[in-house]
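Participant: File query-v2.txt follows (compact mmCIF, C-alpha atoms and all ligand atoms):
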# COMPACT_ATOMS: atom_id res chain seq x y z
CA MET A 219 -20.28 -23.49 -26.03
CA ASN A 220 -18.22 -26.42 -24.88
CA PRO A 221 -20.61 -29.36 -24.45
CA ILE A 222 -18.38 -30.79 -21.73
CA ALA A 223 -18.77 -27.77 -19.46
CA TRP A 224 -21.33 -27.94 -16.68
CA ARG A 225 -24.08 -25.35 -16.98
CA LEU A 226 -26.99 -24.41 -14.79
CA ALA A 227 -30.29 -25.30 -16.40
CA THR A 228 -33.63 -24.06 -15.12
CA VAL A 229 -36.55 -26.44 -14.85
CA THR A 230 -39.43 -24.76 -16.67
CA ALA A 231 -42.07 -27.50 -16.53
CA VAL A 232 -42.70 -30.90 -14.98
CA ARG A 233 -45.37 -33.29 -16.16
CA ASP A 234 -46.41 -36.87 -15.52
CA GLU A 235 -46.18 -39.34 -18.39
CA THR A 236 -47.19 -42.46 -16.44
CA PRO A 237 -47.50 -43.23 -12.71
CA THR A 238 -43.71 -43.71 -12.48
CA VAL A 239 -42.38 -41.61 -15.34
CA ARG A 240 -42.10 -37.83 -15.50
CA SER A 241 -40.88 -35.36 -18.06
CA PHE A 242 -38.87 -32.28 -17.16
CA SER A 243 -38.37 -29.31 -19.45
CA LEU A 244 -35.00 -27.64 -18.96
CA SER A 245 -34.07 -24.23 -20.25
CA ILE A 246 -30.31 -24.14 -20.82
CA PRO A 247 -28.37 -20.93 -21.42
CA GLU A 248 -26.43 -20.89 -24.68
CA TRP A 249 -27.67 -24.37 -25.59
CA GLY A 250 -26.19 -25.07 -28.99
CA GLY A 251 -28.78 -27.68 -29.97
CA HIS A 252 -28.54 -31.45 -30.08
CA ARG A 253 -29.03 -34.39 -32.40
CA PRO A 254 -31.92 -36.82 -31.84
CA GLY A 255 -30.68 -39.72 -29.72
CA GLN A 256 -28.06 -37.77 -27.78
CA HIS A 257 -28.10 -37.47 -24.02
CA VAL A 258 -27.02 -35.11 -21.28
CA ASP A 259 -25.39 -35.72 -17.92
CA LEU A 260 -27.07 -34.31 -14.81
CA ARG A 261 -25.09 -33.60 -11.66
CA LEU A 262 -26.55 -33.27 -8.20
CA THR A 263 -24.31 -32.03 -5.42
CA ALA A 264 -25.19 -32.33 -1.75
CA GLU A 265 -24.25 -29.71 0.80
CA ASP A 266 -21.34 -31.83 2.00
CA GLY A 267 -19.91 -31.82 -1.50
CA TYR A 268 -20.90 -35.39 -2.42
CA SER A 269 -22.00 -35.35 -6.00
CA VAL A 270 -23.61 -37.88 -8.27
CA GLU A 271 -23.96 -37.84 -12.03
CA ARG A 272 -26.40 -39.63 -14.26
CA SER A 273 -26.89 -39.63 -17.95
CA TYR A 274 -30.38 -39.08 -19.43
CA SER A 275 -31.54 -39.24 -23.01
CA ILE A 276 -33.02 -36.10 -24.50
CA ALA A 277 -36.66 -36.71 -25.38
CA SER A 278 -37.35 -33.55 -27.32
CA GLU A 279 -36.61 -32.69 -30.91
CA PRO A 280 -33.77 -30.29 -31.74
CA GLU A 281 -36.19 -27.92 -33.46
CA ARG A 282 -37.15 -26.55 -30.02
CA ALA A 283 -34.42 -24.02 -29.41
CA GLY A 284 -32.92 -23.47 -25.97
CA VAL A 285 -35.10 -26.04 -24.21
CA ILE A 286 -34.79 -29.79 -23.85
CA ASP A 287 -37.12 -32.34 -22.31
CA LEU A 288 -35.87 -35.26 -20.28
CA THR A 289 -38.17 -38.16 -19.45
CA VAL A 290 -37.14 -39.99 -16.31
CA GLU A 291 -38.42 -43.18 -14.77
CA ARG A 292 -38.46 -43.25 -10.98
CA ILE A 293 -36.14 -46.01 -9.75
CA ASP A 294 -37.00 -46.42 -6.07
CA ASP A 295 -33.50 -47.19 -4.85
CA GLY A 296 -31.77 -44.87 -7.29
CA GLU A 297 -29.77 -41.86 -6.20
CA VAL A 298 -30.99 -39.34 -8.75
CA SER A 299 -34.40 -40.26 -10.12
CA PRO A 300 -36.22 -40.15 -6.73
CA PHE A 301 -34.82 -36.67 -6.20
CA LEU A 302 -35.97 -35.58 -9.64
CA HIS A 303 -39.43 -37.04 -9.06
CA ASP A 304 -40.02 -36.04 -5.46
CA VAL A 305 -38.16 -32.78 -5.06
CA VAL A 306 -37.58 -30.99 -8.34
CA ALA A 307 -40.20 -28.44 -9.40
CA ALA A 308 -40.48 -25.69 -11.98
CA GLY A 309 -38.06 -22.90 -11.18
CA ASP A 310 -35.37 -25.18 -9.74
CA ARG A 311 -31.89 -25.23 -11.19
CA ILE A 312 -29.88 -28.33 -12.08
CA GLU A 313 -26.36 -28.78 -13.42
CA VAL A 314 -26.26 -30.19 -16.95
CA ARG A 315 -23.58 -30.96 -19.51
CA GLY A 316 -24.00 -32.05 -23.08
CA PRO A 317 -25.16 -32.90 -25.60
CA ILE A 318 -23.19 -36.15 -25.53
CA GLY A 319 -22.94 -39.04 -27.98
CA GLY A 320 -22.96 -39.33 -31.72
CA TYR A 321 -23.22 -43.07 -32.00
CA PHE A 322 -26.94 -43.49 -31.27
CA VAL A 323 -28.27 -40.72 -33.50
CA TRP A 324 -30.84 -40.56 -36.26
CA GLU A 325 -31.40 -37.39 -38.25
CA ALA A 326 -33.58 -36.64 -41.26
CA LEU A 327 -30.47 -35.89 -43.31
CA GLY A 328 -29.05 -37.49 -46.44
CA SER A 329 -29.94 -41.13 -46.99
CA MET A 330 -31.29 -41.48 -43.45
CA ALA A 331 -34.20 -39.20 -44.36
CA THR A 332 -35.49 -41.71 -46.90
CA GLU A 333 -34.33 -45.14 -45.71
CA PRO A 334 -36.78 -47.26 -43.72
CA LEU A 335 -36.34 -46.85 -39.99
CA PHE A 336 -36.95 -49.64 -37.49
CA LEU A 337 -37.06 -48.61 -33.84
CA VAL A 338 -37.30 -51.03 -30.93
CA ALA A 339 -37.91 -49.83 -27.38
CA GLY A 340 -38.39 -51.38 -23.97
CA GLY A 341 -39.96 -49.16 -21.31
CA SER A 342 -38.13 -45.87 -20.87
CA GLY A 343 -35.78 -46.96 -23.65
CA VAL A 344 -38.32 -45.21 -25.84
CA VAL A 345 -36.99 -41.80 -24.79
CA PRO A 346 -34.16 -41.30 -27.31
CA LEU A 347 -36.34 -42.90 -29.99
CA MET A 348 -39.05 -40.35 -29.20
CA ALA A 349 -36.58 -37.56 -29.92
CA MET A 350 -36.03 -39.19 -33.32
CA LEU A 351 -39.78 -39.53 -33.98
CA ARG A 352 -40.53 -35.95 -32.91
CA HIS A 353 -37.71 -34.70 -35.11
CA ARG A 354 -38.90 -36.88 -37.96
CA ALA A 355 -42.40 -35.38 -37.72
CA ARG A 356 -41.09 -31.82 -37.54
CA SER A 357 -38.74 -32.32 -40.45
CA GLY A 358 -41.50 -33.62 -42.71
CA ALA A 359 -39.73 -36.91 -43.43
CA HIS A 360 -42.00 -39.61 -44.86
CA ASN A 361 -39.63 -42.57 -44.73
CA PRO A 362 -41.33 -45.83 -43.76
CA THR A 363 -40.86 -46.10 -40.01
CA ARG A 364 -41.98 -48.60 -37.40
CA LEU A 365 -41.63 -48.47 -33.65
CA LEU A 366 -41.93 -51.77 -31.80
CA PHE A 367 -42.52 -50.78 -28.19
CA SER A 368 -42.55 -53.21 -25.26
CA SER A 369 -44.25 -52.14 -22.03
CA ARG A 370 -45.54 -54.15 -19.12
CA HIS A 371 -49.03 -52.69 -18.82
CA LEU A 372 -51.06 -50.32 -20.97
CA GLU A 373 -50.97 -47.59 -18.32
CA GLU A 374 -47.17 -47.77 -18.35
CA VAL A 375 -46.89 -46.98 -22.05
CA ILE A 376 -44.86 -43.77 -22.12
CA TYR A 377 -46.04 -41.11 -24.63
CA ARG A 378 -49.07 -43.26 -25.49
CA ASP A 379 -51.33 -40.44 -26.69
CA GLU A 380 -48.58 -38.65 -28.57
CA LEU A 381 -47.50 -41.86 -30.30
CA ASP A 382 -51.13 -42.43 -31.31
CA SER A 383 -51.33 -38.94 -32.80
CA LEU A 384 -47.99 -39.24 -34.56
CA ALA A 385 -49.07 -42.55 -36.09
CA ALA A 386 -52.40 -41.03 -37.17
CA THR A 387 -50.77 -38.45 -39.45
CA ASN A 388 -50.18 -40.97 -42.23
CA ASP A 389 -46.60 -39.91 -42.79
CA GLY A 390 -45.28 -43.46 -42.90
CA LEU A 391 -45.04 -44.10 -39.16
CA GLU A 392 -46.58 -47.16 -37.55
CA VAL A 393 -46.39 -47.98 -33.86
CA VAL A 394 -46.66 -51.59 -32.74
CA HIS A 395 -47.10 -52.26 -29.03
CA THR A 396 -46.47 -55.38 -27.03
CA LEU A 397 -47.77 -55.57 -23.45
CA THR A 398 -45.87 -58.19 -21.55
CA ARG A 399 -47.63 -58.40 -18.17
CA SER A 400 -51.28 -57.46 -18.59
CA GLN A 401 -53.49 -56.59 -21.53
CA PRO A 402 -56.81 -54.74 -21.53
CA ALA A 403 -59.92 -56.59 -22.67
CA GLY A 404 -60.00 -56.89 -26.43
CA TRP A 405 -56.27 -56.16 -26.82
CA MET A 406 -55.28 -56.90 -30.40
CA GLY A 407 -51.55 -56.25 -30.11
CA TYR A 408 -48.72 -58.51 -29.04
CA ASP A 409 -48.84 -59.84 -25.50
CA ARG A 410 -45.37 -61.26 -24.89
CA ARG A 411 -41.76 -60.23 -24.63
CA ILE A 412 -39.98 -59.33 -27.83
CA ASP A 413 -38.66 -62.43 -29.58
CA ASP A 414 -37.24 -63.42 -32.97
CA ARG A 415 -40.62 -64.00 -34.55
CA MET A 416 -41.98 -60.65 -33.43
CA ILE A 417 -38.91 -58.83 -34.75
CA ALA A 418 -39.23 -60.63 -38.08
CA GLU A 419 -42.94 -59.80 -38.39
CA VAL A 420 -42.62 -56.15 -37.53
CA LEU A 421 -39.50 -55.61 -39.63
CA ALA A 422 -40.87 -57.42 -42.70
CA PRO A 423 -42.74 -54.49 -44.34
CA LEU A 424 -39.62 -52.31 -44.01
CA GLY A 425 -37.17 -54.75 -45.52
CA MET A 426 -33.45 -55.28 -45.20
CA GLY A 427 -32.52 -51.77 -46.28
CA SER A 428 -33.66 -50.51 -42.89
CA ARG A 429 -31.67 -48.74 -40.26
CA SER A 430 -32.37 -49.91 -36.75
CA PHE A 431 -32.08 -48.32 -33.34
CA ILE A 432 -32.75 -50.41 -30.24
CA CYS A 433 -32.93 -49.03 -26.71
CA GLY A 434 -33.99 -50.77 -23.55
CA PRO A 435 -32.81 -53.18 -20.89
CA THR A 436 -29.86 -55.34 -21.85
CA ALA A 437 -31.85 -58.53 -22.37
CA LEU A 438 -34.30 -56.87 -24.74
CA VAL A 439 -31.51 -55.16 -26.66
CA GLU A 440 -29.62 -58.42 -27.10
CA VAL A 441 -32.69 -60.34 -28.23
CA ALA A 442 -33.67 -57.67 -30.75
CA ALA A 443 -30.16 -57.06 -32.09
CA ASN A 444 -29.39 -60.78 -32.42
CA ALA A 445 -32.70 -61.33 -34.20
CA LEU A 446 -31.91 -58.59 -36.70
CA VAL A 447 -28.46 -60.04 -37.35
CA ARG A 448 -29.96 -63.48 -37.93
CA LEU A 449 -32.53 -61.98 -40.30
CA GLY A 450 -29.65 -60.55 -42.30
CA LEU A 451 -29.64 -56.87 -41.39
CA PRO A 452 -26.02 -55.70 -41.70
CA GLY A 453 -24.39 -55.07 -38.34
CA ASP A 454 -23.46 -51.51 -39.22
CA ARG A 455 -27.15 -50.68 -39.63
CA ILE A 456 -28.00 -51.77 -36.08
CA ARG A 457 -27.34 -49.33 -33.26
CA THR A 458 -28.04 -50.27 -29.68
CA GLU A 459 -28.22 -48.55 -26.36
CA ARG A 460 -28.41 -50.69 -23.24
CA PHE A 461 -30.62 -48.63 -21.00
CA GLY A 462 -27.78 -46.27 -20.46
CA PRO A 463 -28.89 -42.69 -20.55
CA THR A 464 -32.13 -43.35 -18.78
CA GLY A 465 -30.21 -44.17 -15.60
CA THR A 466 -31.25 -44.06 -12.00
CA MET B 211 -33.60 -60.88 -15.58
CA ALA B 212 -36.48 -58.69 -14.54
CA ASP B 213 -38.87 -57.52 -17.15
CA ASP B 214 -38.53 -54.31 -19.09
CA THR B 215 -38.09 -51.20 -17.07
CA THR B 216 -37.39 -52.20 -13.52
CA VAL B 217 -33.70 -52.80 -13.77
CA ASP B 218 -31.33 -50.37 -12.15
CA PRO B 219 -28.80 -49.90 -14.92
CA VAL B 220 -26.05 -48.69 -12.66
CA GLU B 221 -26.34 -51.42 -10.06
CA GLY B 222 -26.79 -54.45 -12.18
CA GLN B 223 -26.32 -53.80 -15.83
CA VAL B 224 -23.75 -53.54 -18.50
CA LEU B 225 -24.08 -50.26 -20.36
CA ASP B 226 -22.69 -49.11 -23.69
CA GLY B 227 -19.78 -46.79 -24.14
CA ASN B 228 -22.39 -44.31 -25.28
CA ALA B 229 -23.71 -44.06 -21.73
CA VAL B 230 -20.38 -42.81 -20.41
CA GLY B 231 -19.82 -40.42 -23.30
CA GLY B 232 -19.71 -37.43 -20.97
CA LEU B 233 -16.96 -38.91 -18.83
CA LEU B 234 -15.00 -39.95 -21.93
CA ALA B 235 -15.42 -36.52 -23.54
CA THR B 236 -14.02 -34.97 -20.37
CA ALA B 237 -11.14 -37.43 -20.20
CA PHE B 238 -10.15 -37.24 -23.86
CA GLY B 239 -11.28 -33.71 -24.63
CA ALA B 240 -13.28 -34.95 -27.62
CA GLU B 241 -16.57 -36.59 -28.42
CA MET B 242 -15.68 -40.27 -28.29
CA THR B 243 -18.73 -42.38 -29.02
CA GLU B 244 -18.17 -42.44 -32.79
CA VAL B 245 -14.41 -42.94 -32.54
CA PRO B 246 -13.39 -46.37 -33.88
CA GLY B 247 -10.82 -48.32 -31.94
CA GLU B 248 -9.20 -51.70 -32.43
CA CYS B 249 -9.24 -54.18 -29.58
CA ALA B 250 -5.64 -55.12 -28.83
CA HIS B 251 -6.73 -58.58 -27.70
CA CYS B 252 -8.73 -59.81 -30.70
CA GLY B 253 -8.47 -57.16 -33.41
CA THR B 254 -12.16 -56.31 -33.55
CA VAL B 255 -12.80 -52.70 -34.49
CA SER B 256 -15.67 -51.12 -32.54
CA MET B 257 -16.83 -47.60 -32.06
CA VAL B 258 -16.29 -46.50 -28.48
CA GLY B 259 -20.07 -46.11 -28.19
CA GLU B 260 -20.40 -49.84 -28.89
CA LEU B 261 -18.00 -51.02 -26.20
CA ARG B 262 -19.51 -52.59 -23.08
CA ALA B 263 -19.27 -50.18 -20.18
CA TYR B 264 -18.89 -51.38 -16.59
CA VAL B 265 -19.37 -48.40 -14.35
CA ARG B 266 -19.19 -50.10 -10.96
CA ALA B 267 -15.65 -51.32 -11.38
CA PRO B 268 -13.03 -49.09 -9.81
CA GLY B 269 -13.38 -46.37 -12.39
CA THR B 270 -15.09 -47.07 -15.68
CA VAL B 271 -14.08 -50.11 -17.68
CA LEU B 272 -14.89 -50.49 -21.38
CA ARG B 273 -14.71 -53.97 -22.79
CA CYS B 274 -14.66 -55.34 -26.33
CA PRO B 275 -18.11 -56.64 -27.38
CA ALA B 276 -16.45 -59.54 -29.23
CA CYS B 277 -13.91 -60.91 -26.75
CA SER B 278 -14.73 -59.04 -23.50
CA GLY B 279 -11.12 -57.88 -23.20
CA VAL B 280 -10.60 -54.54 -21.49
CA VAL B 281 -10.08 -51.88 -24.16
CA LEU B 282 -10.19 -48.67 -22.11
CA ARG B 283 -10.19 -47.85 -18.43
CA VAL B 284 -10.84 -44.43 -16.95
CA VAL B 285 -10.21 -43.71 -13.29
CA GLU B 286 -10.92 -40.34 -11.76
CA THR B 287 -9.03 -39.38 -8.63
CA PRO B 288 -9.47 -36.11 -6.77
CA ASN B 289 -6.52 -34.60 -8.62
CA ALA B 290 -6.28 -36.41 -11.92
CA THR B 291 -7.94 -38.53 -14.54
CA LEU B 292 -6.08 -41.74 -15.44
CA ILE B 293 -6.75 -43.29 -18.84
CA ASP B 294 -5.49 -46.81 -19.41
CA VAL B 295 -5.43 -47.50 -23.16
CA ARG B 296 -3.34 -50.69 -23.15
CA GLY B 297 -6.25 -52.67 -24.54
CA ALA B 298 -6.63 -50.48 -27.60
CA ALA B 299 -4.33 -51.12 -30.56
CA TYR B 300 -5.42 -47.72 -31.85
CA LEU B 301 -8.15 -45.09 -31.65
CA ARG B 302 -8.91 -43.23 -34.85
CA PHE B 303 -9.79 -39.53 -34.63
CA GLU B 304 -11.04 -37.96 -37.86
CA ARG B 305 -9.66 -34.51 -38.61
CA ARG B 306 -12.60 -32.18 -39.22
ZN ZN C 501 -11.65 -57.97 -28.52
Turn the structure described in the file into structure tokens.
Facilitator:
Amino acid sequence: MNPIAWRLATVTAVRDETPTVRSFSLSIPEWGGHRPGQHVDLRLTAEDGYSVERSYSIASEPERAGVIDLTVERIDDGEVSPFLHDVVAAGDRIEVRGPIGGYFVWEALGSMATEPLFLVAGGSGVVPLMAMLRHRARSGAHNPTRLLFSSRHLEEVIYRDELDSLAATNDGLEVVHTLTRSQPAGWMGYDRRIDDRMIAEVLAPLGMGSRSFICGPTALVEVAANALVRLGLPGDRIRTERFGPTGT
Amino acid sequence: MADDTTVDPVEGQVLDGNAVGGLLATAFGAEMTEVPGECAHCGTVSMVGELRAYVRAPGTVLRCPACSGVVLRVVETPNATLIDVRGAAYLRFERR
């Protein structure tokens, strides 16, 4: 079906990821599948006809047919995310179009299945990267992969348990956290914002043959991408997404 | 800027062309984020997904990441979609 056409999706499940982040499972008729990293647009229309669209990254892997998960952070003064958080429940219907985007995509195909993969996320920027990691696990890829994930507090780390389990399977994935605002007692990880030195340290075991995907707020994306360029990673191996499809 | 996750991307942030892929797909009738285009101002070739997207301008404005020149502008009116491509020397669509 035409990915640009609006379709009515049914919410089949809602679950909390963190105090301000929720995941929504959407069942979409005639969903033709997606590629990890792509997003969908959601459209809400009020009774007076006013409508608002936002773009959200798909969190789930394409191996799950007919259903996608979106993970949405509640932005208090946003137009869409408070509605999703406060109003939407299983059984509700929402207008969706997609999948959209081919630029910020990683698939376990061809050389990408074996090349080292370096992922950098800030907050809910982890969502499209999670689709890649879930797909990677399902596809059986063993390419060396590291996720550097910046969150403010431990309890705000999205997908924390699932990331722990994925990293425990010994399939080449390592997850490195930095907590920028508060750290629990005995925290051994990084405790500052992502900077050049952190990027260099976390990238080092993967080497310059890596592919990199960076998603988060603009400042984080710029710091990480500029650091990679300075380290010598070719520009065409760095893909960035400035907090787009995790909109309000 | 504020730390990590608190920024409202629509109010205060520059997005990537990727984020407005749905709008562009509707306007052009094709998936656009992997389409390379040359900036008419400075000659830099970027994929549309790499352009800087300003969504709070009248319409959506996509600027060159190298020189900040306007490459594409999309304005939706109730009856039409206007696409201003003056800032693109070319857009390259692969035949599949
Ligand atoms: Zn330019």
Participant: Let me have all residues with an atom within 9 Å of ligand ZN 501 (chain C), counting only C-alpha atoms and all ligand atoms, laid out as a list of chain:residue names.
Facilitator: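 Within the 9 Å cut-off, the matching residues are B:Glu248, B:Cys249, B:Ala250, B:His251, B:Cys252, B:Gly253, B:Thr254, B:Val255, B:Ser256, B:Arg273, B:Cys274, B:Pro275, B:Ala276, B:Cys277, B:Ser278, B:Gly279, B:Val280, B:Val281, B:Gly297.
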Participant: How would the residues just chosen look if you wrote them out with C-alpha atoms as a PDB file, in the frame of the given file?
Facilitator:
ATOM      1  CA  GLU B 248      -9.200 -51.700 -32.430  1.00  0.00           C
ATOM      2  CA  CYS B 249      -9.240 -54.180 -29.580  1.00  0.00           C
ATOM      3  CA  ALA B 250      -5.640 -55.120 -28.830  1.00  0.00           C
ATOM      4  CA  HIS B 251      -6.730 -58.580 -27.700  1.00  0.00           C
ATOM      5  CA  CYS B 252      -8.730 -59.810 -30.700  1.00  0.00           C
ATOM      6  CA  GLY B 253      -8.470 -57.160 -33.410  1.00  0.00           C
ATOM      7  CA  THR B 254     -12.160 -56.310 -33.550  1.00  0.00           C
ATOM      8  CA  VAL B 255     -12.800 -52.700 -34.490  1.00  0.00           C
ATOM      9  CA  SER B 256     -15.670 -51.120 -32.540  1.00  0.00           C
ATOM     10  CA  ARG B 273     -14.710 -53.970 -22.790  1.00  0.00           C
ATOM     11  CA  CYS B 274     -14.660 -55.340 -26.330  1.00  0.00           C
ATOM     12  CA  PRO B 275     -18.110 -56.640 -27.380  1.00  0.00           C
ATOM     13  CA  ALA B 276     -16.450 -59.540 -29.230  1.00  0.00           C
ATOM     14  CA  CYS B 277     -13.910 -60.910 -26.750  1.00  0.00           C
ATOM     15  CA  SER B 278     -14.730 -59.040 -23.500  1.00  0.00           C
ATOM     16  CA  GLY B 279     -11.120 -57.880 -23.200  1.00  0.00           C
ATOM     17  CA  VAL B 280     -10.600 -54.540 -21.490  1.00  0.00           C
ATOM     18  CA  VAL B 281     -10.080 -51.880 -24.160  1.00  0.00           C
ATOM     19  CA  GLY B 297      -6.250 -52.670 -24.540  1.00  0.00           C
TER      20      GLY B 297
END
Participant: Considering only C-alpha atoms, can you say which of A:Ala308, A:Leu337, A:Ala443, A:Ile293 comes closest to chain B?
Facilitator: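 Closest residue, counting only C-alpha atoms: A:Ile293.
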Participant: Could you list the residues in chain A lying within 10 Å of chain B, using only C-alpha atoms, and format the result as a ChimeraX atom specification?
Facilitator: /A:221-223,256-259,271-275,291-296,315-322,339-343,368-370,374,398-399,411,434-438,457-466
Participant: Near Ala227 (chain A), within 10 Å and counting all atoms listed in the file, which residues show up once chain neighbours fewer than 2 positions away are dropped, as a list in words?
Facilitator: Trp224, Arg225, Val229, Thr230, Ser243, Leu244, Ser245, Ile246, Pro247, Trp249, Leu260, Val285, Ile286, Gly309, Asp310, Arg311, Ile312, Glu313, Val314 and Arg315 of chain A
Participant: Keeping C-alpha atoms for every residue in the selection just given, could you write it to a file as an mmCIF file, in the frame of the given file?
Facilitator:
data_model
loop_
_atom_site.group_PDB
_atom_site.id
_atom_site.type_symbol
_atom_site.label_atom_id
_atom_site.label_comp_id
_atom_site.auth_asym_id
_atom_site.auth_seq_id
_atom_site.Cartn_x
_atom_site.Cartn_y
_atom_site.Cartn_z
ATOM 1 C CA TRP A 224 -21.330 -27.940 -16.680
ATOM 2 C CA ARG A 225 -24.080 -25.350 -16.980
ATOM 3 C CA VAL A 229 -36.550 -26.440 -14.850
ATOM 4 C CA THR A 230 -39.430 -24.760 -16.670
ATOM 5 C CA SER A 243 -38.370 -29.310 -19.450
ATOM 6 C CA LEU A 244 -35.000 -27.640 -18.960
ATOM 7 C CA SER A 245 -34.070 -24.230 -20.250
ATOM 8 C CA ILE A 246 -30.310 -24.140 -20.820
ATOM 9 C CA PRO A 247 -28.370 -20.930 -21.420
ATOM 10 C CA TRP A 249 -27.670 -24.370 -25.590
ATOM 11 C CA LEU A 260 -27.070 -34.310 -14.810
ATOM 12 C CA VAL A 285 -35.100 -26.040 -24.210
ATOM 13 C CA ILE A 286 -34.790 -29.790 -23.850
ATOM 14 C CA GLY A 309 -38.060 -22.900 -11.180
ATOM 15 C CA ASP A 310 -35.370 -25.180 -9.740
ATOM 16 C CA ARG A 311 -31.890 -25.230 -11.190
ATOM 17 C CA ILE A 312 -29.880 -28.330 -12.080
ATOM 18 C CA GLU A 313 -26.360 -28.780 -13.420
ATOM 19 C CA VAL A 314 -26.260 -30.190 -16.950
ATOM 20 C CA ARG A 315 -23.580 -30.960 -19.510
#
Participant: What is the distance, in Å and to one decimal place, between CA of Gly453 (chain A) and CA of Glu333 (chain A)?
Facilitator: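 Result for CA of Gly453 (chain A) versus CA of Glu333 (chain A): 15.9 Å, one decimal.
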Participant: Just how far from CA of Arg266 (chain B) is CA of Arg296 (chain B), in Å to one decimal?
Facilitator: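 CA of Arg296 (chain B) sits 20.0 Å away from CA of Arg266 (chain B).
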Participant: Report the distance between CA of Met330 (chain A) and CA of His252 (chain A) in Å, rounded to one decimal place.
Facilitator: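 Computed distance, CA of Met330 (chain A) to CA of His252 (chain A), equals 16.9 Å.
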Participant: Neighbours of Asp414 (chain A) within 10 Å (all atoms listed in the file; same-chain residues fewer than 4 positions away dropped), as a short mmCIF file (atom, residue, chain, number, x, y, z; two decimals) with C-alpha atoms, in the frame of the given file?
Facilitator:
data_model
loop_
_atom_site.label_atom_id
_atom_site.label_comp_id
_atom_site.auth_asym_id
_atom_site.auth_seq_id
_atom_site.Cartn_x
_atom_site.Cartn_y
_atom_site.Cartn_z
CA ALA A 418 -39.23 -60.63 -38.08
CA GLU A 419 -42.94 -59.80 -38.39
CA VAL A 441 -32.69 -60.34 -28.23
CA ALA A 442 -33.67 -57.67 -30.75
CA ALA A 443 -30.16 -57.06 -32.09
CA ASN A 444 -29.39 -60.78 -32.42
CA ALA A 445 -32.70 -61.33 -34.20
CA LEU A 446 -31.91 -58.59 -36.70
CA ARG A 448 -29.96 -63.48 -37.93
CA LEU A 449 -32.53 -61.98 -40.30
#
Participant: Which residues come within 10 Å of Leu381 (chain A), counting all atoms listed in the file, excluding same-chain residues fewer than 2 positions away, as a list in words?
Facilitator: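 Near neighbours after the sequence-gap exclusion: Met348, Leu351, Arg352, Leu365, Val375, Ile376, Tyr377, Arg378, Asp379, Ser383, Leu384, Ala385, Ala386, Leu391, Glu392 and Val393 of chain A.
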Participant: Using all atoms listed in the file, which protein or nucleic acid residues come within 6 Å of Ser428 (chain A)? Drop anything in the same chain fewer than 2 positions from it, and give the result as a PyMOL selection string.
Facilitator: chain A and resi 334-335+426
